[in-house]
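Below: one structure, written as structure tokens.
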Amino acid sequence: MKKVFYYLLSIFFLFSIIFAEEFDEEKIFFWKINTKEKIIFLTFDDGPGEYTKEVLKILDKYNIKATFFVLGELVKYKKQIILEIFRKGHTIGSHTFSHKNFYDLSKKFTLQECKNILEEELIKTKKEIDSILDKVEIKYVRLPNGFYRKWVDEVVKKYGYKIINWSYGCDWLNISEGEMLNRYISSLQPGGIYLFHDGGKDRKKTIKVLEKFIEYVISKGYKFDILNNWIK
Ligand SMILES: [Zn+2]
């Protein structure tokens, strides 16, 4: 009887492993990485912009690699920065071409029209990046405002992208530097994906909070990793 029990138990575990692996492969939406290891991921949106160079300098100082979700329409004006991001070993992701608000679009357009708009935004962005960085594989996409619906999966899957949202971010809020830092700090968790902005508008506060956040994270024994090590 005992033998049968262990036999069934081992079959159960085997199936759960196979099922878990299959599930992971299918998964295309991430807001955190499932791990207990003390690692986190930094991501930057809306660039390349006025503050990208400063962000790169800070990341260099602490030897951190991050992911930059760039806007396709800005790429041709910021070629050198795109090259720099890439040469320094950071990951480039797509933040669509023109930062359209899909919450608004879905009220005005049909589902099919929204799908077409997103597809066009992705294709145009890829084209812009390809014109500067030959053969760089763009694997990750983040829609403006973190928009996500089941239909987005379908479009994104077609191009082999994974959707990366975030565990925490608040640098766009009108709050004090201290409050902002506190909020980032209190959201620290293993596998967390953190959102900051290197473009869009005045990001002076972001720059200050970013460096202090990094120092706090390091002091707590955390390390920074790249998404590519966890999401294939
Ligand atoms: Zn954005």
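Here, A, B, ... name the chains of the structure tokens in the order displayed, residue numbers run from 1 inside each chain, and ligands are numbered from 1 in the same displayed order.
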Please write out the residues within 6 Å of ligand 1 as an MDAnalysis selection string, counting only C-alpha atoms and all ligand atoms. chainID A and resid 45:46 144:145
Quick one: DSSP strand (DSSP E or B) residues in segment 13-217 of chain A, as number ranges by chain? A: 29-30, 32, 39-47, 67-70, 91-94, 140-141, 162-164, 168, 192-197
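You can rank A:Val70, A:Ile117, A:Ile207, A:Leu105 by their closest distance to Ile138 of chain A using only C-alpha atoms, and at the top of that list sits A:Val70.
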Near-Phe224 of chain A list (12 Å; only C-alpha atoms; drop same-chain fewer than 2 positions) as a ChimeraX atom specification: /A:37-43,59,62-67,189-194,213-215,217-218,220-222,226-227,229
Resulting file, chosen residues, C-alpha atoms, as a compact mmCIF listing (two decimals), in the first residue's frame:
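As a result, out.txt now contains:
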# COMPACT_ATOMS: atom_id res chain seq x y z
CA GLU A 37 16.50 34.96 -4.52
CA LYS A 38 17.40 38.49 -3.51
CA ILE A 39 17.46 39.88 -7.01
CA ILE A 40 15.57 42.69 -8.68
CA PHE A 41 15.31 44.22 -12.14
CA LEU A 42 15.45 47.87 -13.18
CA THR A 43 13.47 49.11 -16.16
CA LEU A 59 24.03 52.24 -13.71
CA TYR A 62 27.10 50.38 -9.64
CA ASN A 63 27.75 48.02 -12.54
CA ILE A 64 24.05 47.34 -13.12
CA LYS A 65 22.44 46.20 -16.36
CA ALA A 66 18.86 47.30 -16.95
CA THR A 67 16.13 47.27 -19.59
CA GLN A 189 10.84 42.20 -2.87
CA PRO A 190 12.68 39.25 -4.46
CA GLY A 191 12.10 39.14 -8.20
CA GLY A 192 10.64 42.66 -8.27
CA ILE A 193 10.62 44.59 -11.55
CA TYR A 194 10.97 48.33 -10.87
CA PHE A 213 17.21 53.30 -4.11
CA ILE A 214 20.13 51.40 -5.66
CA GLU A 215 22.27 52.05 -2.58
CA VAL A 217 18.92 47.71 -2.38
CA ILE A 218 22.64 46.86 -2.27
CA LYS A 220 20.02 44.89 1.94
CA GLY A 221 22.10 42.26 0.15
CA TYR A 222 20.12 42.34 -3.10
CA ILE A 226 18.79 41.07 -16.34
CA LEU A 227 15.43 39.77 -17.50
CA ASN A 229 18.47 35.37 -17.42
Skip Lys53 of chain A itself and residues of its chain fewer than 4 positions away, then list as a ChimeraX atom specification all residues within 10 Å of it, counting only C-alpha atoms. /A:48-49,57-59,81,84-85,198
Contact residues around Ile231 of chain A with only C-alpha atoms at 12 Å, ignoring same-chain residues under 6 positions, as a VMD selection string: chain A and resid 24 to 34 41 139 to 140 161 to 164 191 225
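Going from atom CA of Ser98 of chain A over to atom CA of Ile175 of chain A, you cover 26.7 Å.
What separates atom CA of Leu173 of chain A from atom CA of Lys107 of chain A is a distance of 25.2 Å.
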Nearest-residue call for Val209 of chain A, choices A:Met180, A:Leu195, A:Tyr77, A:Lys223, using only C-alpha atoms: A:Met180
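With only C-alpha atoms as the atoms that count, the minimum distance from Trp151 of chain A to the choices A:Leu111, A:Lys127, A:Gly47, A:Tyr184 is reached by A:Leu111.
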What is the distance, in Å and to one decimal place, between atom CA of Thr35 of chain A and atom CA of Gly146 of chain A? 22.1 Å
Going by DSSP on the backbone, which bits of segment 2-210 of chain A are helix (DSSP H, G or I)? Write them as a ChimeraX atom specification, please. /A:2-26,52-61,72-75,79-87,102-108,111-132,144-146,150-158,177-186,204-210
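Of the residues listed (A:Glu137, A:Glu50, A:Glu120, A:Glu154), A:Glu137 shows the shortest atom-to-atom separation from Asn228 of chain A; distances use only C-alpha atoms.
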Proximity to Asp202 of chain A - best of A:Phe109, A:Tyr51, A:Tyr159, A:Phe68, only C-alpha atoms: A:Tyr51
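Comparing the minimum interatomic distances between Gly89 of chain A and each of A:Val136, A:Lys212, A:Gly72, A:Gln112, counting only C-alpha atoms, we find that A:Val136 sits nearest.
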